[in-house]
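Just query-v4.pdb here, PDB, C-alpha atoms:
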```
ATOM      1  CA  MET Q 898     -22.534 -19.000  -5.286
ATOM      2  CA  LEU Q 899     -19.652 -16.615  -4.662
ATOM      3  CA  HIS Q 900     -19.847 -13.228  -6.379
ATOM      4  CA  ILE Q 901     -16.318 -12.155  -7.293
ATOM      5  CA  HIS Q 902     -15.570  -8.663  -8.582
ATOM      6  CA  VAL Q 903     -12.189  -8.144 -10.231
ATOM      7  CA  LEU Q 904     -10.973  -4.545 -10.395
ATOM      8  CA  VAL Q 905      -8.955  -4.169 -13.592
ATOM      9  CA  LYS Q 906      -6.782  -1.189 -14.427
ATOM     10  CA  TRP Q 907      -5.721  -0.442 -17.996
ATOM     11  CA  LEU Q 908      -2.215   0.935 -18.551
ATOM     12  CA  TYR Q 909      -0.305   2.126 -21.574
ATOM     13  CA  ASP Q 910       1.486  -0.761 -23.239
ATOM     14  CA  PRO Q 911       5.199   0.229 -23.244
ATOM     15  CA  SER Q 912       5.892  -1.800 -26.385
ATOM     16  CA  SER Q 913       3.264   0.151 -28.337
ATOM     17  CA  ILE Q 914       4.531   3.652 -27.586
ATOM     18  CA  GLN Q 915       6.505   5.018 -30.545
ATOM     19  CA  TRP Q 916       7.690   8.455 -31.531
ATOM     20  CA  ASN Q 917       6.078   9.848 -34.684
ATOM     21  CA  ASP Q 918       8.559  12.124 -36.461
ATOM     22  CA  PHE Q 919       5.902  13.546 -38.789
ATOM     23  CA  LYS Q 920       3.450  14.459 -36.024
ATOM     24  CA  ASN Q 921       6.211  15.281 -33.521
ATOM     25  CA  ARG Q 922       4.496  13.359 -30.728
ATOM     26  CA  PHE Q 923       4.046   9.876 -29.335
ATOM     27  CA  ASP Q 924       1.822   7.661 -31.441
ATOM     28  CA  CYS Q 925       0.364   4.142 -31.520
ATOM     29  CA  GLU Q 926      -0.501   4.159 -27.865
ATOM     30  CA  THR Q 927      -2.545   1.110 -26.900
ATOM     31  CA  LEU Q 928      -3.731  -0.132 -23.549
ATOM     32  CA  ALA Q 929      -2.849  -3.308 -21.686
ATOM     33  CA  ILE Q 930      -4.144  -4.856 -18.479
ATOM     34  CA  ASN Q 931      -2.150  -4.233 -15.348
ATOM     35  CA  LYS Q 932      -0.192  -7.459 -14.829
ATOM     36  CA  ALA Q 933      -1.017  -7.794 -11.144
ATOM     37  CA  ASP Q 934      -4.733  -7.417 -11.937
ATOM     38  CA  LEU Q 935      -4.357 -10.082 -14.617
ATOM     39  CA  HIS Q 936      -3.042 -12.514 -12.015
ATOM     40  CA  ALA Q 937      -6.043 -11.677  -9.829
ATOM     41  CA  LEU Q 938      -8.366 -12.411 -12.760
ATOM     42  CA  GLN Q 939      -6.557 -15.687 -13.402
ATOM     43  CA  TRP Q 940      -7.053 -16.705  -9.775
ATOM     44  CA  ALA Q 941     -10.777 -15.895  -9.977
ATOM     45  CA  CYS Q 942     -11.118 -18.010 -13.128
ATOM     46  CA  ASP Q 943      -9.246 -20.910 -11.517
ATOM     47  CA  TYR Q 944     -11.580 -20.725  -8.533
ATOM     48  CA  LYS Q 945     -14.618 -20.731 -10.814
ATOM     49  CA  ARG Q 946     -13.476 -23.909 -12.531
ATOM     50  CA  LYS Q 947     -13.613 -25.754  -9.200
ATOM     51  CA  ASN Q 948     -16.482 -23.943  -7.452
ATOM     52  CA  ARG Q 949     -19.630 -22.052  -8.306
ATOM     53  CA  ALA Q 950     -18.843 -18.381  -8.805
ATOM     54  CA  HIS Q 951     -19.994 -15.338 -10.731
ATOM     55  CA  ILE Q 952     -17.149 -13.158 -12.017
ATOM     56  CA  THR Q 953     -17.637  -9.473 -12.779
ATOM     57  CA  VAL Q 954     -14.837  -7.322 -14.162
ATOM     58  CA  LEU Q 955     -15.042  -3.611 -13.404
ATOM     59  CA  MET Q 956     -12.995  -1.059 -15.343
ATOM     60  CA  VAL Q 957     -12.778   2.736 -15.329
ATOM     61  CA  VAL Q 958     -11.116   4.435 -18.301
ATOM     62  CA  GLU Q 959     -10.741   7.933 -19.620
ATOM     63  CA  LYS Q 960     -13.545   9.109 -21.848
ATOM     64  CA  GLY Q 961     -12.814   8.563 -25.528
ATOM     65  CA  ARG Q 962     -10.103   5.963 -24.913
ATOM     66  CA  THR Q 963     -10.376   2.745 -26.941
ATOM     67  CA  VAL Q 964     -10.154  -0.266 -24.662
ATOM     68  CA  PRO Q 965      -9.467  -3.716 -26.178
ATOM     69  CA  VAL Q 966     -12.021  -5.567 -24.063
ATOM     70  CA  GLU Q 967     -11.931  -8.435 -26.550
ATOM     71  CA  ARG Q 968      -8.779  -9.611 -24.800
ATOM     72  CA  LEU Q 969     -10.948 -10.593 -21.846
ATOM     73  CA  GLU Q 970     -13.356 -12.705 -23.865
ATOM     74  CA  LYS Q 971     -11.192 -15.824 -23.545
ATOM     75  CA  TYR Q 972     -11.664 -15.799 -19.766
ATOM     76  CA  PRO Q 973     -14.826 -17.332 -18.252
ATOM     77  CA  ILE Q 974     -16.195 -13.959 -17.206
ATOM     78  CA  ASP Q 975     -19.922 -13.509 -16.632
ATOM     79  CA  GLN Q 976     -20.121  -9.725 -16.758
ATOM     80  CA  MET Q 977     -17.916  -6.774 -17.683
ATOM     81  CA  ILE Q 978     -18.664  -3.198 -16.660
ATOM     82  CA  LEU Q 979     -16.768  -0.426 -18.438
ATOM     83  CA  ILE Q 980     -17.175   3.073 -17.006
ATOM     84  CA  GLU Q 981     -15.986   6.056 -19.029
ATOM     85  CA  THR Q 982     -15.393   9.285 -17.174
ATOM     86  CA  ASP Q 983     -13.640  12.613 -17.493
ATOM     87  CA  GLN Q 984     -10.075  12.648 -16.303
ATOM     88  CA  ASP Q 985      -9.876  14.513 -13.018
ATOM     89  CA  ARG Q 986      -6.288  14.949 -11.896
ATOM     90  CA  ASP Q 987      -7.289  17.112  -8.932
ATOM     91  CA  ASN Q 988      -9.317  14.306  -7.344
ATOM     92  CA  PRO Q 989      -7.158  11.200  -6.842
ATOM     93  CA  PHE Q 990     -10.142   9.279  -5.427
ATOM     94  CA  ALA Q 991     -12.481   9.874  -8.371
ATOM     95  CA  VAL Q 992     -12.018   6.352  -9.750
ATOM     96  CA  ALA Q 993     -12.573   4.820  -6.323
ATOM     97  CA  ALA Q 994     -15.814   6.744  -5.902
ATOM     98  CA  LEU Q 995     -17.139   5.544  -9.279
ATOM     99  CA  LEU Q 996     -16.225   1.939  -8.571
ATOM    100  CA  ALA Q 997     -17.746   1.991  -5.092
ATOM    101  CA  GLU Q 998     -21.038   3.457  -6.306
ATOM    102  CA  GLU Q 999     -21.264   0.815  -9.046
ATOM    103  CA  ILE Q1000     -20.444  -2.061  -6.695
ATOM    104  CA  LYS Q1001     -23.150  -0.950  -4.281
ATOM    105  CA  THR Q1002     -25.764  -1.697  -6.956
ATOM    106  CA  LEU Q1003     -24.517  -5.292  -7.394
ATOM    107  CA  PRO Q1004     -24.268  -8.326  -5.116
ATOM    108  CA  TYR Q1005     -20.677  -8.887  -4.064
ATOM    109  CA  ASP Q1006     -18.751 -11.186  -1.758
ATOM    110  CA  LEU Q1007     -15.110 -10.917  -2.767
ATOM    111  CA  LEU Q1008     -13.338  -7.979  -4.406
ATOM    112  CA  ILE Q1009      -9.923  -8.885  -5.767
ATOM    113  CA  ASN Q1010      -7.250  -6.966  -7.642
ATOM    114  CA  GLY Q1011      -3.504  -6.515  -7.859
ATOM    115  CA  SER Q1012      -1.894  -4.843  -4.875
ATOM    116  CA  GLU Q1013       0.253  -2.561  -7.047
ATOM    117  CA  SER Q1014      -0.141  -0.904 -10.416
ATOM    118  CA  GLY Q1015       2.522  -1.223 -13.047
ATOM    119  CA  ASP Q1016       2.896   2.508 -13.696
ATOM    120  CA  TYR Q1017       3.404   4.192 -10.329
ATOM    121  CA  ARG Q1018       3.672   1.084  -8.104
ATOM    122  CA  THR Q1019       0.786   2.260  -5.943
ATOM    123  CA  GLY Q1020      -2.455   0.659  -4.839
ATOM    124  CA  ILE Q1021      -4.482   3.536  -3.462
ATOM    125  CA  THR Q1022      -7.697   3.051  -5.458
ATOM    126  CA  PRO Q1023      -8.652  -0.418  -4.125
ATOM    127  CA  ILE Q1024      -8.054   0.652  -0.534
ATOM    128  CA  ALA Q1025     -10.250   3.715  -1.096
ATOM    129  CA  VAL Q1026     -12.970   1.475  -2.579
ATOM    130  CA  ALA Q1027     -12.921  -0.758   0.502
ATOM    131  CA  GLU Q1028     -13.099   2.295   2.752
ATOM    132  CA  ARG Q1029     -16.165   3.606   0.920
ATOM    133  CA  LEU Q1030     -17.845   0.193   1.081
ATOM    134  CA  GLN Q1031     -16.906  -0.225   4.760
ATOM    135  CA  ILE Q1032     -15.426  -3.696   4.217
ATOM    136  CA  PRO Q1033     -12.090  -5.203   5.345
ATOM    137  CA  CYS Q1034      -9.084  -4.781   3.077
ATOM    138  CA  LEU Q1035      -5.913  -6.869   2.948
ATOM    139  CA  THR Q1036      -3.096  -6.383   0.432
ATOM    140  CA  HIS Q1037       0.004  -8.233  -0.826
ATOM    141  CA  VAL Q1038      -1.575 -11.662  -0.380
ATOM    142  CA  HIS Q1039       0.187 -14.561  -2.095
ATOM    143  CA  GLN Q1040      -2.134 -17.414  -1.068
ATOM    144  CA  MET Q1041      -5.857 -17.714  -0.306
ATOM    145  CA  GLU Q1042      -7.791 -20.701   1.007
ATOM    146  CA  GLN Q1043     -11.497 -20.914   1.720
ATOM    147  CA  GLN Q1044     -12.608 -22.091   5.151
ATOM    148  CA  GLY Q1045     -16.024 -22.876   6.556
ATOM    149  CA  GLY Q1046     -18.472 -20.256   7.714
ATOM    150  CA  GLY Q1047     -17.513 -17.711   5.077
ATOM    151  CA  LYS Q1048     -13.981 -17.391   6.423
ATOM    152  CA  TRP Q1049     -10.875 -17.158   4.262
ATOM    153  CA  ILE Q1050      -7.272 -17.744   5.297
ATOM    154  CA  CYS Q1051      -4.946 -15.308   3.506
ATOM    155  CA  GLN Q1052      -1.186 -15.472   3.720
ATOM    156  CA  ARG Q1053       1.240 -12.631   3.231
ATOM    157  CA  LYS Q1054       5.019 -12.748   3.262
ATOM    158  CA  GLU Q1055       6.759 -10.599   5.828
ATOM    159  CA  GLY Q1056      10.417  -9.761   6.277
ATOM    160  CA  ARG Q1057      13.150 -12.398   6.650
ATOM    161  CA  GLY Q1058      11.114 -15.138   4.998
ATOM    162  CA  MET Q1059       8.277 -15.058   7.543
ATOM    163  CA  VAL Q1060       4.701 -15.792   6.446
ATOM    164  CA  ARG Q1061       1.784 -14.235   8.291
ATOM    165  CA  SER Q1062      -1.747 -15.673   8.147
ATOM    166  CA  PHE Q1063      -4.937 -13.638   8.376
ATOM    167  CA  GLU Q1064      -8.511 -14.806   8.832
ATOM    168  CA  VAL Q1065     -10.803 -12.653   6.711
ATOM    169  CA  ALA Q1066     -14.592 -12.682   6.724
ATOM    170  CA  LEU Q1067     -16.404 -11.828   3.498
ATOM    171  CA  PRO Q1068     -17.318  -9.411   2.082
ATOM    172  CA  ALA Q1069     -13.773  -8.136   1.801
ATOM    173  CA  LEU Q1070     -11.283  -6.701  -0.665
ATOM    174  CA  ILE Q1071      -8.096  -8.704  -1.219
ATOM    175  CA  GLY Q1072      -5.077  -7.293  -3.014
ATOM    176  CA  VAL Q1073      -2.827 -10.011  -4.415
ATOM    177  CA  VAL Q1074       0.688 -10.260  -5.788
ATOM    178  CA  PRO Q1075       1.618 -12.091  -9.028
ATOM    179  CA  ALA Q1076       2.645 -15.132  -6.960
ATOM    180  CA  ILE Q1077      -1.042 -15.833  -6.224
ATOM    181  CA  THR Q1078      -1.232 -17.975  -9.370
ATOM    182  CA  PRO Q1079       0.726 -18.300 -12.627
ATOM    183  CA  LEU Q1080      -0.740 -16.984 -15.849
ATOM    184  CA  ARG Q1081      -1.948 -19.781 -18.087
ATOM    185  CA  TYR Q1082      -2.228 -19.888 -21.840
ATOM    186  CA  ILE Q1083      -5.863 -20.069 -22.855
ATOM    187  CA  PRO Q1084      -6.458 -21.450 -26.386
ATOM    188  CA  SER Q1085      -8.627 -19.341 -28.627
ATOM    189  CA  HIS Q1086     -11.229 -22.080 -29.099
ATOM    190  CA  LEU Q1087     -12.063 -21.992 -25.381
ATOM    191  CA  GLY Q1088     -13.229 -18.412 -25.710
ATOM    192  CA  LYS Q1089     -15.822 -19.144 -28.399
ATOM    193  CA  GLY Q1090     -18.508 -20.114 -25.940
ATOM    194  CA  LYS Q1091     -20.792 -17.835 -24.007
ATOM    195  CA  LYS Q1092     -19.392 -14.316 -23.972
ATOM    196  CA  ALA Q1093     -19.585 -12.022 -21.018
ATOM    197  CA  VAL Q1094     -22.226  -9.321 -20.960
ATOM    198  CA  LEU Q1095     -20.567  -5.930 -21.483
ATOM    199  CA  SER Q1096     -22.187  -2.955 -19.787
ATOM    200  CA  HIS Q1097     -20.884   0.339 -21.129
ATOM    201  CA  LYS Q1098     -21.567   3.371 -18.959
ATOM    202  CA  VAL Q1099     -20.564   7.022 -19.051
ATOM    203  CA  ALA Q1100     -20.289   8.835 -15.721
ATOM    204  CA  ALA Q1101     -19.188  12.307 -14.778
ATOM    205  CA  ALA Q1102     -16.238  12.653 -12.452
ATOM    206  CA  PRO Q1103     -17.460  13.112  -8.874
ATOM    207  CA  ALA Q1104     -17.004  16.521  -7.352
ATOM    208  CA  LEU Q1105     -14.015  16.978  -5.130
ATOM    209  CA  ALA Q1106     -15.232  16.998  -1.556
ATOM    210  CA  SER Q1107     -14.111  19.849   0.629
ATOM    211  CA  PRO Q1108     -11.608  18.873   3.317
ATOM    212  CA  PRO Q1109     -12.936  18.550   6.859
ATOM    213  CA  PRO Q1110     -12.316  21.461   9.221
ATOM    214  CA  TYR Q1111      -9.027  21.280  10.976
ATOM    215  CA  GLU Q1112      -6.976  23.266  13.439
ATOM    216  CA  ARG Q1113      -3.315  23.888  12.859
ATOM    217  CA  VAL Q1114      -1.227  23.269  15.954
ATOM    218  CA  LYS Q1115       2.417  24.240  16.113
ATOM    219  CA  LEU Q1116       4.478  21.640  17.939
ATOM    220  CA  THR Q1117       7.701  22.798  19.555
ATOM    221  CA  ALA Q1118      10.268  21.106  21.738
ATOM    222  CA  PRO Q1119      11.993  22.753  24.702
ATOM    223  CA  GLN Q1120      15.497  23.940  24.082
ATOM    224  CA  PRO Q1121      18.103  21.593  25.548
ATOM    225  CA  VAL Q1122      20.110  22.790  28.545
ATOM    226  CA  ILE Q1123      23.780  22.195  27.790
ATOM    227  CA  HIS Q1124      26.179  22.174  30.716
ATOM    228  CA  SER Q1125      29.802  22.746  29.821
ATOM    229  CA  LEU Q1126      32.556  21.796  32.269
ATOM    230  CA  ASP Q1127      36.253  22.391  32.508
ATOM    231  CA  VAL Q1128      38.444  19.464  31.558
ATOM    232  CA  PRO Q1129      39.878  18.076  34.828
ATOM    233  CA  ARG Q1130      43.660  17.820  34.850
ATOM    234  CA  SER Q1131      44.151  15.809  38.016
ATOM    235  CA  PRO Q1132      46.544  12.848  37.570
ATOM    236  CA  LEU Q1133      44.271  10.581  39.622
ATOM    237  CA  ALA Q1134      41.223   9.084  37.919
ATOM    238  CA  GLN Q1135      39.024   9.335  41.014
ATOM    239  CA  HIS Q1136      39.735  13.063  41.277
ATOM    240  CA  ARG Q1137      38.791  13.532  37.639
ATOM    241  CA  ILE Q1138      35.517  11.680  38.242
ATOM    242  CA  LEU Q1139      34.767  13.925  41.203
ATOM    243  CA  ALA Q1140      35.535  16.993  39.139
ATOM    244  CA  VAL Q1141      33.253  15.941  36.292
ATOM    245  CA  SER Q1142      30.446  15.070  38.719
ATOM    246  CA  GLY Q1143      30.656  18.557  40.202
ATOM    247  CA  ILE Q1144      31.423  17.521  43.774
ATOM    248  CA  SER Q1145      35.125  18.192  43.807
ATOM    249  CA  ASN Q1146      36.502  20.514  46.502
ATOM    250  CA  GLU Q1147      39.196  21.858  44.230
ATOM    251  CA  LYS Q1148      38.992  25.514  43.317
ATOM    252  CA  LYS Q1149      37.925  26.308  39.751
ATOM    253  CA  ASP Q1150      38.767  29.338  37.687
ATOM    254  CA  ALA Q1151      35.876  31.721  37.427
ATOM    255  CA  GLY Q1152      34.496  31.961  33.921
ATOM    256  CA  ASP Q1153      31.373  32.095  31.825
ATOM    257  CA  LYS Q1154      30.954  28.322  31.803
ATOM    258  CA  LYS Q1155      27.922  26.938  33.591
ATOM    259  CA  LYS Q1156      28.519  24.187  36.124
ATOM    260  CA  SER Q1157      26.101  21.312  36.632
ATOM    261  CA  ALA Q1158      24.413  21.311  40.021
ATOM    262  CA  SER Q1159      24.618  17.901  41.691
ATOM    263  CA  SER Q1160      21.859  16.463  43.834
ATOM    264  CA  PRO Q1161      22.358  14.381  46.988
ATOM    265  CA  GLU Q1162      21.064  11.334  45.165
ATOM    266  CA  PHE Q1163      23.575  11.817  42.339
ATOM    267  CA  ALA Q1164      26.410  12.322  44.826
ATOM    268  CA  HIS Q1165      25.467   9.099  46.626
ATOM    269  CA  SER Q1166      25.404   7.204  43.333
ATOM    270  CA  VAL Q1167      28.831   8.516  42.356
ATOM    271  CA  LYS Q1168      30.211   7.618  45.784
ATOM    272  CA  GLU Q1169      28.962   4.035  45.486
ATOM    273  CA  LYS Q1170      30.499   3.688  42.036
ATOM    274  CA  ILE Q1171      33.838   5.059  43.193
ATOM    275  CA  GLN Q1172      33.928   2.719  46.184
ATOM    276  CA  SER Q1173      33.120  -0.238  43.967
ATOM    277  CA  TRP Q1174      35.838   0.843  41.544
ATOM    278  CA  LEU Q1175      38.414   1.209  44.377
ATOM    279  CA  LYS Q1176      37.603  -2.281  45.717
ATOM    280  CA  GLU Q1177      38.266  -3.787  42.316
TER     281      GLU Q1177
END
```

Would you mind writing the file out in structure tokens?
Amino acid sequence: MLHIHVLVKWLYDPSSIQWNDFKNRFDCETLAINKADLHALQWACDYKRKNRAHITVLMVVEKGRTVPVERLEKYPIDQMILIETDQDRDNPFAVAALLAEEIKTLPYDLLINGSESGDYRTGITPIAVAERLQIPCLTHVHQMEQQGGGKWICQRKEGRGMVRSFEVALPALIGVVPAITPLRYIPSHLGKGKKAVLSHKVAAAPALASPPPYERVKLTAPQPVIHSLDVPRSPLAQHRILAVSGISNEKKDAGDKKKSASSPEFAHSVKEKIQSWLKE
């Protein structure tokens, strides 16, 4: 049986945000599931209908925030874990640390979520979770197929219509795009069966780890040497080429301009080019 963990992020529902003139602030703020994560959950449910799987939904929300978890009851989920924590804006990896520590206590084969969030269009948290669990991570996948021996073939679209295939060994974290599967309407009567077990936990935000020691190195580039030359005024092209190359025998006016010093190799190269040009 495949143990699938779906990482779900709750966002503010834009349609629910209204301005309250009496309170002089935004009011009626409700939460909604990140759409990309919802497609990942739909894919996990579709897989469960055809194969044996255990689906666990993991969520981390701000302490005191009301989360409408009843919206997930219509999906064939086996377990839901809701972690409340203090909001720590100074530690951008706080959520990843909480999720990783919780996943370590559970059996897991496949971690799946949306590659991007609907608020800031980022997907840093899942990648940080995979890094803490020391498992492979692949994002922006639009198709997944199971192969033998615990291998999965994941496809991701590249530029100019190209599709790239990856062979991934479980356990792994896969970030998907909405094209992984369409959202399906689930009638309310299908959600009246066995409900998922909801585990509600409260955890303190992990302490911000001190950065590793580093040494600051100043990188500089050498100043370019610019050679300025007089503009040759000879009527013949070959004389002008000789003047620019610095091998002309004509006398030059003395000035502050710096002349380029020619090497024997450069002079030989210029001579060969001039002879070839004269033959043509």

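For the file shown, the residue list from the PyMOL selection byres ((chain Q and resi 1071-1074) around 6) reads Q:Ile1009, Q:Asn1010, Q:Gly1011, Q:Ser1012, Q:Cys1034, Q:Leu1035, Q:Thr1036, Q:His1037, Q:Val1038, Q:His1039, Q:Leu1070, Q:Pro1075, Q:Ala1076, Q:Ile1077.
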
Include C-alpha atoms and write out the residues we just selected as a compact mmCIF listing (two decimals), in the coordinates of the input.
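selection.txt, freshly written:
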```txt
# COMPACT_ATOMS: atom_id res chain seq x y z
CA ILE Q 1009 -9.92 -8.88 -5.77
CA ASN Q 1010 -7.25 -6.97 -7.64
CA GLY Q 1011 -3.50 -6.52 -7.86
CA SER Q 1012 -1.89 -4.84 -4.88
CA CYS Q 1034 -9.08 -4.78 3.08
CA LEU Q 1035 -5.91 -6.87 2.95
CA THR Q 1036 -3.10 -6.38 0.43
CA HIS Q 1037 0.00 -8.23 -0.83
CA VAL Q 1038 -1.58 -11.66 -0.38
CA HIS Q 1039 0.19 -14.56 -2.10
CA LEU Q 1070 -11.28 -6.70 -0.66
CA PRO Q 1075 1.62 -12.09 -9.03
CA ALA Q 1076 2.64 -15.13 -6.96
CA ILE Q 1077 -1.04 -15.83 -6.22
```

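In this structure, atom CA of Q:Lys1176 sits 12.6 Å away from atom CA of Q:Gln1135.
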
What lies within 6 Å of stretch 943-952 of chain Q using only C-alpha atoms, ignoring chain neighbours under 4 positions off, as a PyMOL selection string? chain Q and resi 898-902+974-975

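Atom CA of Q:Leu1030 is positioned 23.8 Å from atom CA of Q:Gly1045.
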
Fill in: Hits of the PyMOL selection byres ((chain Q and resi 954-960) around 8) in this structure, as a ChimeraX atom specification
/Q:902-907,952-953,961-962,964,974,976-984,992,995-996,1099

Output the selection as a PDB file, keeping the file's coordinate frame - C-alpha atoms for each residue.
```pdb
ATOM      1  CA  HIS Q 902     -15.570  -8.663  -8.582  1.00  0.00           C
ATOM      2  CA  VAL Q 903     -12.189  -8.144 -10.231  1.00  0.00           C
ATOM      3  CA  LEU Q 904     -10.973  -4.545 -10.395  1.00  0.00           C
ATOM      4  CA  VAL Q 905      -8.955  -4.169 -13.592  1.00  0.00           C
ATOM      5  CA  LYS Q 906      -6.782  -1.189 -14.427  1.00  0.00           C
ATOM      6  CA  TRP Q 907      -5.721  -0.442 -17.996  1.00  0.00           C
ATOM      7  CA  ILE Q 952     -17.149 -13.158 -12.017  1.00  0.00           C
ATOM      8  CA  THR Q 953     -17.637  -9.473 -12.779  1.00  0.00           C
ATOM      9  CA  GLY Q 961     -12.814   8.563 -25.528  1.00  0.00           C
ATOM     10  CA  ARG Q 962     -10.103   5.963 -24.913  1.00  0.00           C
ATOM     11  CA  VAL Q 964     -10.154  -0.266 -24.662  1.00  0.00           C
ATOM     12  CA  ILE Q 974     -16.195 -13.959 -17.206  1.00  0.00           C
ATOM     13  CA  GLN Q 976     -20.121  -9.725 -16.758  1.00  0.00           C
ATOM     14  CA  MET Q 977     -17.916  -6.774 -17.683  1.00  0.00           C
ATOM     15  CA  ILE Q 978     -18.664  -3.198 -16.660  1.00  0.00           C
ATOM     16  CA  LEU Q 979     -16.768  -0.426 -18.438  1.00  0.00           C
ATOM     17  CA  ILE Q 980     -17.175   3.073 -17.006  1.00  0.00           C
ATOM     18  CA  GLU Q 981     -15.986   6.056 -19.029  1.00  0.00           C
ATOM     19  CA  THR Q 982     -15.393   9.285 -17.174  1.00  0.00           C
ATOM     20  CA  ASP Q 983     -13.640  12.613 -17.493  1.00  0.00           C
ATOM     21  CA  GLN Q 984     -10.075  12.648 -16.303  1.00  0.00           C
ATOM     22  CA  VAL Q 992     -12.018   6.352  -9.750  1.00  0.00           C
ATOM     23  CA  LEU Q 995     -17.139   5.544  -9.279  1.00  0.00           C
ATOM     24  CA  LEU Q 996     -16.225   1.939  -8.571  1.00  0.00           C
ATOM     25  CA  VAL Q1099     -20.564   7.022 -19.051  1.00  0.00           C
TER      26      VAL Q1099
END
```

Just want the 12 Å neighbourhood of Q:Arg1081, counted on only C-alpha atoms, with same-chain residues fewer than 5 positions away dropped. Output as a CSV table (one decimal) with C-alpha atoms, in the frame of the given file.
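Written file, part_12.csv:
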```csv
chain,number,residue,atom,x,y,z
Q,935,LEU,CA,-4.4,-10.1,-14.6
Q,936,HIS,CA,-3.0,-12.5,-12.0
Q,938,LEU,CA,-8.4,-12.4,-12.8
Q,939,GLN,CA,-6.6,-15.7,-13.4
Q,940,TRP,CA,-7.1,-16.7,-9.8
Q,942,CYS,CA,-11.1,-18.0,-13.1
Q,943,ASP,CA,-9.2,-20.9,-11.5
Q,971,LYS,CA,-11.2,-15.8,-23.5
Q,972,TYR,CA,-11.7,-15.8,-19.8
```

Practice item. Using only C-alpha atoms, determine which residues lie at most 9 Å from Q:Pro965, disregarding the query and same-chain residues fewer than 3 positions distant; provide the list as a PyMOL selection string. Key: chain Q and resi 927-929+968-969

A straight line from atom CA of Q:Ala941 to atom CA of Q:Ile1021 spans 21.4 Å

First collect every listed atom of stretch 954-965 of chain Q; then fit an axis-aligned box around them, widen it by 3 Å on each side, and give centre and edge lengths in Å to one decimal, as lines of an AutoDock Vina configuration file.
```
center_x = -12.3
center_y = 0.9
center_z = -20.2
size_x = 11.6
size_y = 22.4
size_z = 19.5
```

Given the file shown, determine the residues that the PyMOL selection byres ((chain Q and resi 1168) around 12) selects; report them as a compact mmCIF listing (two decimals) with C-alpha atoms, in the coordinates of the input.
```
# COMPACT_ATOMS: atom_id res chain seq x y z
CA GLN Q 1135 39.02 9.34 41.01
CA HIS Q 1136 39.74 13.06 41.28
CA ILE Q 1138 35.52 11.68 38.24
CA LEU Q 1139 34.77 13.92 41.20
CA SER Q 1142 30.45 15.07 38.72
CA ILE Q 1144 31.42 17.52 43.77
CA SER Q 1145 35.12 18.19 43.81
CA PRO Q 1161 22.36 14.38 46.99
CA GLU Q 1162 21.06 11.33 45.16
CA PHE Q 1163 23.58 11.82 42.34
CA ALA Q 1164 26.41 12.32 44.83
CA HIS Q 1165 25.47 9.10 46.63
CA SER Q 1166 25.40 7.20 43.33
CA VAL Q 1167 28.83 8.52 42.36
CA GLU Q 1169 28.96 4.04 45.49
CA LYS Q 1170 30.50 3.69 42.04
CA ILE Q 1171 33.84 5.06 43.19
CA GLN Q 1172 33.93 2.72 46.18
CA SER Q 1173 33.12 -0.24 43.97
CA TRP Q 1174 35.84 0.84 41.54
CA LEU Q 1175 38.41 1.21 44.38
```
